[in-house]
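What follows is a short report on a single structure.
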Amino acid sequence: MNWWVHAAWEQGGAVYLLSWIFWVLFSISMHELAHGWAALWEGDTTPRDLNRLTANPLVQMGQTSLIVFAVVGIAWGMMPVRPDRFRHGRLGEAIVAFAGPMMNLVLGFISLTLLGLLSAFADTSIEWVQSVNLFLFVGGFLNVILFVLNMLPIPPLDGSRIIAAASNEARAFYTMPRAQMAGFALLLLVFFFGAADFLFTGSQDAAIWWSSLVARLAGGVPAS
């Protein structure tokens, strides 16, 4: 099995590899920062009290996550919050939980829209344009992956927190000690059976569809 860095280099060279590293660090950090902003808006000052309102990957992801990312290409982040301080109670919990995936959706939308506009108005035969296109494409489909992944109703992902905020039965289930372990096991099992490839390919297809639609609309060509 190739080291993920080597595999990324073979797939798209230095531009692809550097784009992937940048977008993983930036997107996860912004995801966690969005949780912090939402918590602050809900009346919880914990992120600010702990100096977590920063896009610094070392703060938002931590040393362990960064080391694991360097070794196997998988990373995560964590934003400490106090749900008991949220002014809207369970609704606040759902808002704070959804803020992270929503940030990824926004980042993906911006990246792929810019990609579509660049494709419509720039000469794609120019090397620097190709590099920027690849950079935006990686940012777009990676953030689509992060949005979909985090919306899964599997603990400790954000989707489980949203459901727990809406359902007493789900909250009781997710707070069971075995639920977190079962969640991790389920994630590993799902991805072991090819879900990772499906999510990766599906997000790329979605990225191509949206950026192509933007390019056609920007270029005055009717979208099919």
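Chain labels follow the order of the structure tokens: the first chain is A, the next B, and so on; residue numbering restarts at 1 in every chain, and ligands are counted from 1 in their shown order.
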Do a neighbour search on Val148 in chain A at 12 Å with only C-alpha atoms, toss out local chain neighbours closer than 4 positions, and write the hits as an MDAnalysis selection string. chainID A and resid 98 100:105 108 141:144 152:154 157:159 195:196 198:200 202:203 206
Take the residues from that selection and write them out as a JSON list (two decimals), in the first residue's frame, keeping N, CA and C atoms.
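part-v3.json, freshly written:
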[["chain", "number", "residue", "atom", "x", "y", "z"],
["A", 98, "PHE", "N", -24.63, 22.08, 13.38],
["A", 98, "PHE", "CA", -24.75, 22.24, 11.93],
["A", 98, "PHE", "C", -23.80, 23.29, 11.38],
["A", 100, "GLY", "N", -20.63, 23.67, 11.61],
["A", 100, "GLY", "CA", -19.41, 23.13, 11.04],
["A", 100, "GLY", "C", -19.61, 22.61, 9.63],
["A", 101, "PRO", "N", -20.55, 21.66, 9.42],
["A", 101, "PRO", "CA", -20.82, 21.19, 8.05],
["A", 101, "PRO", "C", -21.25, 22.31, 7.12],
["A", 102, "MET", "N", -22.00, 23.28, 7.64],
["A", 102, "MET", "CA", -22.43, 24.40, 6.81],
["A", 102, "MET", "C", -21.23, 25.19, 6.31],
["A", 103, "MET", "N", -20.23, 25.35, 7.14],
["A", 103, "MET", "CA", -19.01, 26.03, 6.72],
["A", 103, "MET", "C", -18.36, 25.29, 5.56],
["A", 104, "ASN", "N", -18.31, 23.95, 5.65],
["A", 104, "ASN", "CA", -17.74, 23.16, 4.56],
["A", 104, "ASN", "C", -18.56, 23.32, 3.29],
["A", 105, "LEU", "N", -19.87, 23.37, 3.41],
["A", 105, "LEU", "CA", -20.73, 23.55, 2.24],
["A", 105, "LEU", "C", -20.46, 24.90, 1.59],
["A", 108, "GLY", "N", -17.05, 24.82, -0.14],
["A", 108, "GLY", "CA", -17.15, 24.07, -1.37],
["A", 108, "GLY", "C", -17.86, 24.86, -2.46],
["A", 141, "PHE", "N", -14.33, 19.63, -3.93],
["A", 141, "PHE", "CA", -14.83, 18.28, -3.66],
["A", 141, "PHE", "C", -14.45, 17.80, -2.26],
["A", 142, "LEU", "N", -13.33, 18.29, -1.72],
["A", 142, "LEU", "CA", -12.97, 17.90, -0.35],
["A", 142, "LEU", "C", -14.00, 18.44, 0.65],
["A", 143, "ASN", "N", -14.45, 19.66, 0.44],
["A", 143, "ASN", "CA", -15.44, 20.22, 1.36],
["A", 143, "ASN", "C", -16.81, 19.58, 1.18],
["A", 144, "VAL", "N", -17.11, 19.10, -0.01],
["A", 144, "VAL", "CA", -18.34, 18.31, -0.20],
["A", 144, "VAL", "C", -18.24, 17.02, 0.61],
["A", 152, "LEU", "N", -23.53, 12.56, 8.61],
["A", 152, "LEU", "CA", -23.96, 11.20, 8.91],
["A", 152, "LEU", "C", -24.39, 11.10, 10.37],
["A", 153, "PRO", "N", -25.49, 10.39, 10.66],
["A", 153, "PRO", "CA", -25.99, 10.29, 12.04],
["A", 153, "PRO", "C", -25.23, 9.26, 12.87],
["A", 154, "ILE", "N", -23.92, 9.33, 12.81],
["A", 154, "ILE", "CA", -23.06, 8.38, 13.51],
["A", 154, "ILE", "C", -22.20, 9.14, 14.51],
["A", 157, "LEU", "N", -19.93, 12.21, 14.94],
["A", 157, "LEU", "CA", -20.11, 13.18, 13.86],
["A", 157, "LEU", "C", -21.27, 14.14, 14.18],
["A", 158, "ASP", "N", -21.25, 15.29, 13.50],
["A", 158, "ASP", "CA", -22.22, 16.34, 13.81],
["A", 158, "ASP", "C", -23.66, 15.91, 13.54],
["A", 159, "GLY", "N", -23.85, 15.03, 12.57],
["A", 159, "GLY", "CA", -25.20, 14.57, 12.29],
["A", 159, "GLY", "C", -25.86, 13.93, 13.49],
["A", 195, "ALA", "N", -17.19, 2.54, 1.06],
["A", 195, "ALA", "CA", -17.93, 3.79, 1.13],
["A", 195, "ALA", "C", -17.03, 4.99, 0.88],
["A", 196, "ALA", "N", -15.77, 4.88, 1.26],
["A", 196, "ALA", "CA", -14.83, 5.98, 1.05],
["A", 196, "ALA", "C", -14.66, 6.26, -0.43],
["A", 198, "PHE", "N", -16.78, 5.51, -2.79],
["A", 198, "PHE", "CA", -18.05, 6.02, -3.29],
["A", 198, "PHE", "C", -18.21, 7.49, -2.97],
["A", 199, "LEU", "N", -17.87, 7.88, -1.73],
["A", 199, "LEU", "CA", -17.99, 9.28, -1.32],
["A", 199, "LEU", "C", -17.01, 10.15, -2.08],
["A", 200, "PHE", "N", -15.80, 9.63, -2.29],
["A", 200, "PHE", "CA", -14.76, 10.37, -3.01],
["A", 200, "PHE", "C", -15.20, 10.62, -4.45],
["A", 202, "GLY", "N", -18.29, 10.33, -5.73],
["A", 202, "GLY", "CA", -19.53, 11.10, -5.78],
["A", 202, "GLY", "C", -19.30, 12.58, -5.57],
["A", 203, "SER", "N", -18.41, 12.92, -4.66],
["A", 203, "SER", "CA", -18.13, 14.33, -4.41],
["A", 203, "SER", "C", -17.44, 14.98, -5.61],
["A", 206, "ALA", "N", -20.10, 15.60, -8.20],
["A", 206, "ALA", "CA", -20.90, 16.76, -7.83],
["A", 206, "ALA", "C", -20.12, 18.05, -8.09]]
Please extract the residues of range 7-95 of chain A with a backbone DSSP assignment of helix (DSSP H, G or I) and present them as a compact mmCIF listing (two decimals) with N, CA and C atoms, in the first residue's frame.
# COMPACT_ATOMS: atom_id res chain seq x y z
N ALA A 7 0.75 8.53 -3.15
CA ALA A 7 -0.41 8.30 -4.00
C ALA A 7 -0.96 9.62 -4.54
N ALA A 8 -1.00 10.65 -3.68
CA ALA A 8 -1.49 11.96 -4.12
C ALA A 8 -0.56 12.56 -5.15
N TRP A 9 0.74 12.39 -4.95
CA TRP A 9 1.72 12.91 -5.90
C TRP A 9 1.55 12.23 -7.26
N GLU A 10 1.35 10.93 -7.24
CA GLU A 10 1.15 10.20 -8.50
C GLU A 10 -0.13 10.62 -9.20
N GLN A 11 -1.14 10.97 -8.42
CA GLN A 11 -2.43 11.32 -9.01
C GLN A 11 -2.40 12.70 -9.67
N GLY A 12 -1.74 13.67 -9.03
CA GLY A 12 -1.80 15.03 -9.60
C GLY A 12 -0.55 15.86 -9.42
N GLY A 13 0.54 15.23 -8.98
CA GLY A 13 1.78 15.96 -8.85
C GLY A 13 1.80 16.89 -7.64
N ALA A 14 2.74 17.82 -7.64
CA ALA A 14 2.95 18.70 -6.50
C ALA A 14 1.75 19.59 -6.23
N VAL A 15 1.10 20.07 -7.28
CA VAL A 15 -0.03 20.98 -7.11
C VAL A 15 -1.18 20.27 -6.39
N TYR A 16 -1.45 19.05 -6.81
CA TYR A 16 -2.53 18.27 -6.17
C TYR A 16 -2.21 17.99 -4.70
N LEU A 17 -0.98 17.56 -4.43
CA LEU A 17 -0.58 17.24 -3.07
C LEU A 17 -0.65 18.45 -2.16
N LEU A 18 -0.07 19.57 -2.60
CA LEU A 18 -0.07 20.78 -1.79
C LEU A 18 -1.49 21.33 -1.61
N SER A 19 -2.31 21.20 -2.65
CA SER A 19 -3.70 21.64 -2.54
C SER A 19 -4.44 20.80 -1.51
N TRP A 20 -4.21 19.49 -1.56
CA TRP A 20 -4.87 18.60 -0.61
C TRP A 20 -4.46 18.93 0.83
N ILE A 21 -3.18 19.13 1.07
CA ILE A 21 -2.70 19.46 2.41
C ILE A 21 -3.31 20.77 2.89
N PHE A 22 -3.27 21.79 2.03
CA PHE A 22 -3.83 23.09 2.40
C PHE A 22 -5.31 22.98 2.75
N TRP A 23 -6.08 22.35 1.86
CA TRP A 23 -7.52 22.33 2.05
C TRP A 23 -7.94 21.47 3.24
N VAL A 24 -7.22 20.39 3.52
CA VAL A 24 -7.55 19.59 4.71
C VAL A 24 -7.35 20.43 5.97
N LEU A 25 -6.19 21.06 6.08
CA LEU A 25 -5.89 21.85 7.27
C LEU A 25 -6.84 23.04 7.39
N PHE A 26 -7.04 23.74 6.28
CA PHE A 26 -7.88 24.94 6.30
C PHE A 26 -9.34 24.60 6.54
N SER A 27 -9.84 23.60 5.84
CA SER A 27 -11.27 23.27 5.91
C SER A 27 -11.67 22.73 7.28
N ILE A 28 -10.85 21.86 7.85
CA ILE A 28 -11.17 21.34 9.19
C ILE A 28 -11.08 22.45 10.23
N SER A 29 -10.07 23.30 10.10
CA SER A 29 -9.92 24.41 11.05
C SER A 29 -11.11 25.36 10.97
N MET A 30 -11.56 25.68 9.75
CA MET A 30 -12.71 26.56 9.58
C MET A 30 -13.99 25.87 10.05
N HIS A 31 -14.09 24.57 9.85
CA HIS A 31 -15.23 23.80 10.35
C HIS A 31 -15.35 23.97 11.86
N GLU A 32 -14.25 23.77 12.56
CA GLU A 32 -14.26 23.89 14.02
C GLU A 32 -14.49 25.34 14.44
N LEU A 33 -13.90 26.27 13.71
CA LEU A 33 -14.09 27.68 14.04
C LEU A 33 -15.55 28.08 13.89
N ALA A 34 -16.24 27.51 12.90
CA ALA A 34 -17.66 27.79 12.73
C ALA A 34 -18.46 27.30 13.92
N HIS A 35 -18.10 26.13 14.45
CA HIS A 35 -18.74 25.67 15.69
C HIS A 35 -18.54 26.69 16.81
N GLY A 36 -17.33 27.21 16.90
CA GLY A 36 -17.02 28.19 17.95
C GLY A 36 -17.80 29.48 17.80
N TRP A 37 -17.88 29.97 16.57
CA TRP A 37 -18.66 31.19 16.33
C TRP A 37 -20.12 30.99 16.68
N ALA A 38 -20.67 29.84 16.29
CA ALA A 38 -22.08 29.56 16.57
C ALA A 38 -22.31 29.43 18.08
N ALA A 39 -21.38 28.78 18.77
CA ALA A 39 -21.50 28.65 20.22
C ALA A 39 -21.47 30.03 20.89
N LEU A 40 -20.58 30.89 20.41
CA LEU A 40 -20.49 32.24 20.96
C LEU A 40 -21.79 33.00 20.72
N TRP A 41 -22.37 32.83 19.53
CA TRP A 41 -23.64 33.47 19.22
C TRP A 41 -24.76 32.93 20.12
N THR A 46 -17.12 29.68 25.96
CA THR A 46 -16.04 28.70 26.14
C THR A 46 -14.99 28.78 25.04
N PRO A 47 -15.36 28.81 23.76
CA PRO A 47 -14.33 28.89 22.72
C PRO A 47 -13.43 30.11 22.87
N ARG A 48 -14.02 31.25 23.24
CA ARG A 48 -13.22 32.46 23.43
C ARG A 48 -12.39 32.38 24.70
N ASP A 49 -12.97 31.83 25.76
CA ASP A 49 -12.24 31.72 27.03
C ASP A 49 -11.01 30.83 26.88
N PRO A 57 -4.39 25.55 12.55
CA PRO A 57 -4.63 24.10 12.58
C PRO A 57 -4.07 23.43 13.83
N LEU A 58 -2.98 23.94 14.36
CA LEU A 58 -2.40 23.34 15.56
C LEU A 58 -3.33 23.49 16.74
N VAL A 59 -4.11 24.56 16.75
CA VAL A 59 -5.08 24.78 17.83
C VAL A 59 -6.35 23.98 17.59
N GLN A 60 -6.88 24.05 16.38
CA GLN A 60 -8.16 23.42 16.09
C GLN A 60 -8.07 21.90 15.92
N GLY A 62 -4.97 19.95 16.77
CA GLY A 62 -4.13 19.35 17.79
C GLY A 62 -3.00 18.54 17.20
N GLN A 63 -1.99 18.27 18.01
CA GLN A 63 -0.80 17.58 17.55
C GLN A 63 -1.10 16.15 17.09
N THR A 64 -1.94 15.45 17.84
CA THR A 64 -2.24 14.05 17.51
C THR A 64 -2.89 13.95 16.14
N SER A 65 -3.89 14.81 15.89
CA SER A 65 -4.57 14.79 14.61
C SER A 65 -3.62 15.11 13.47
N LEU A 66 -2.73 16.08 13.68
CA LEU A 66 -1.79 16.46 12.63
C LEU A 66 -0.78 15.34 12.34
N ILE A 67 -0.38 14.65 13.39
CA ILE A 67 0.56 13.53 13.20
C ILE A 67 -0.12 12.40 12.44
N VAL A 68 -1.36 12.08 12.82
CA VAL A 68 -2.11 11.03 12.12
C VAL A 68 -2.33 11.44 10.66
N PHE A 69 -2.60 12.71 10.43
CA PHE A 69 -2.78 13.19 9.06
C PHE A 69 -1.50 13.00 8.25
N ALA A 70 -0.36 13.31 8.85
CA ALA A 70 0.91 13.14 8.14
C ALA A 70 1.19 11.68 7.81
N VAL A 71 0.74 10.78 8.68
CA VAL A 71 1.04 9.37 8.51
C VAL A 71 0.05 8.67 7.59
N VAL A 72 -1.25 8.87 7.84
CA VAL A 72 -2.26 8.10 7.09
C VAL A 72 -3.22 8.98 6.30
N PRO A 83 -22.95 23.14 26.02
CA PRO A 83 -24.35 23.22 25.58
C PRO A 83 -25.29 23.76 26.64
N ASP A 84 -24.95 23.59 27.92
CA ASP A 84 -25.83 24.08 28.98
C ASP A 84 -25.89 25.61 29.00
N ARG A 85 -25.00 26.27 28.28
CA ARG A 85 -25.00 27.72 28.21
C ARG A 85 -25.76 28.25 27.00
N GLY A 89 -31.24 26.38 24.05
CA GLY A 89 -31.34 25.00 24.48
C GLY A 89 -30.98 24.01 23.39
N ARG A 90 -31.89 23.08 23.14
CA ARG A 90 -31.62 22.03 22.15
C ARG A 90 -31.54 22.58 20.73
N LEU A 91 -32.32 23.61 20.46
CA LEU A 91 -32.21 24.24 19.15
C LEU A 91 -30.80 24.81 18.98
N GLY A 92 -30.27 25.36 20.06
CA GLY A 92 -28.90 25.88 20.02
C GLY A 92 -27.89 24.77 19.76
N GLU A 93 -28.14 23.60 20.35
CA GLU A 93 -27.24 22.47 20.10
C GLU A 93 -27.23 22.09 18.63
N ALA A 94 -28.41 22.07 18.02
CA ALA A 94 -28.50 21.74 16.60
C ALA A 94 -27.82 22.81 15.74
N ILE A 95 -28.00 24.07 16.10
CA ILE A 95 -27.40 25.17 15.35
C ILE A 95 -25.89 25.08 15.40
Counting only C-alpha atoms, the residue among A:Trp209, A:Leu146, A:Ser131, A:Ala185 that lies closest to Gly77 in chain A is A:Leu146
Please provide as a PyMOL selection string all residues within 8 Å of Gly140 in chain A, with the sequence filter that same-chain residues fewer than 3 positions apart are discarded (counting only C-alpha atoms). chain A and resi 107-112+136-137+143-144+207
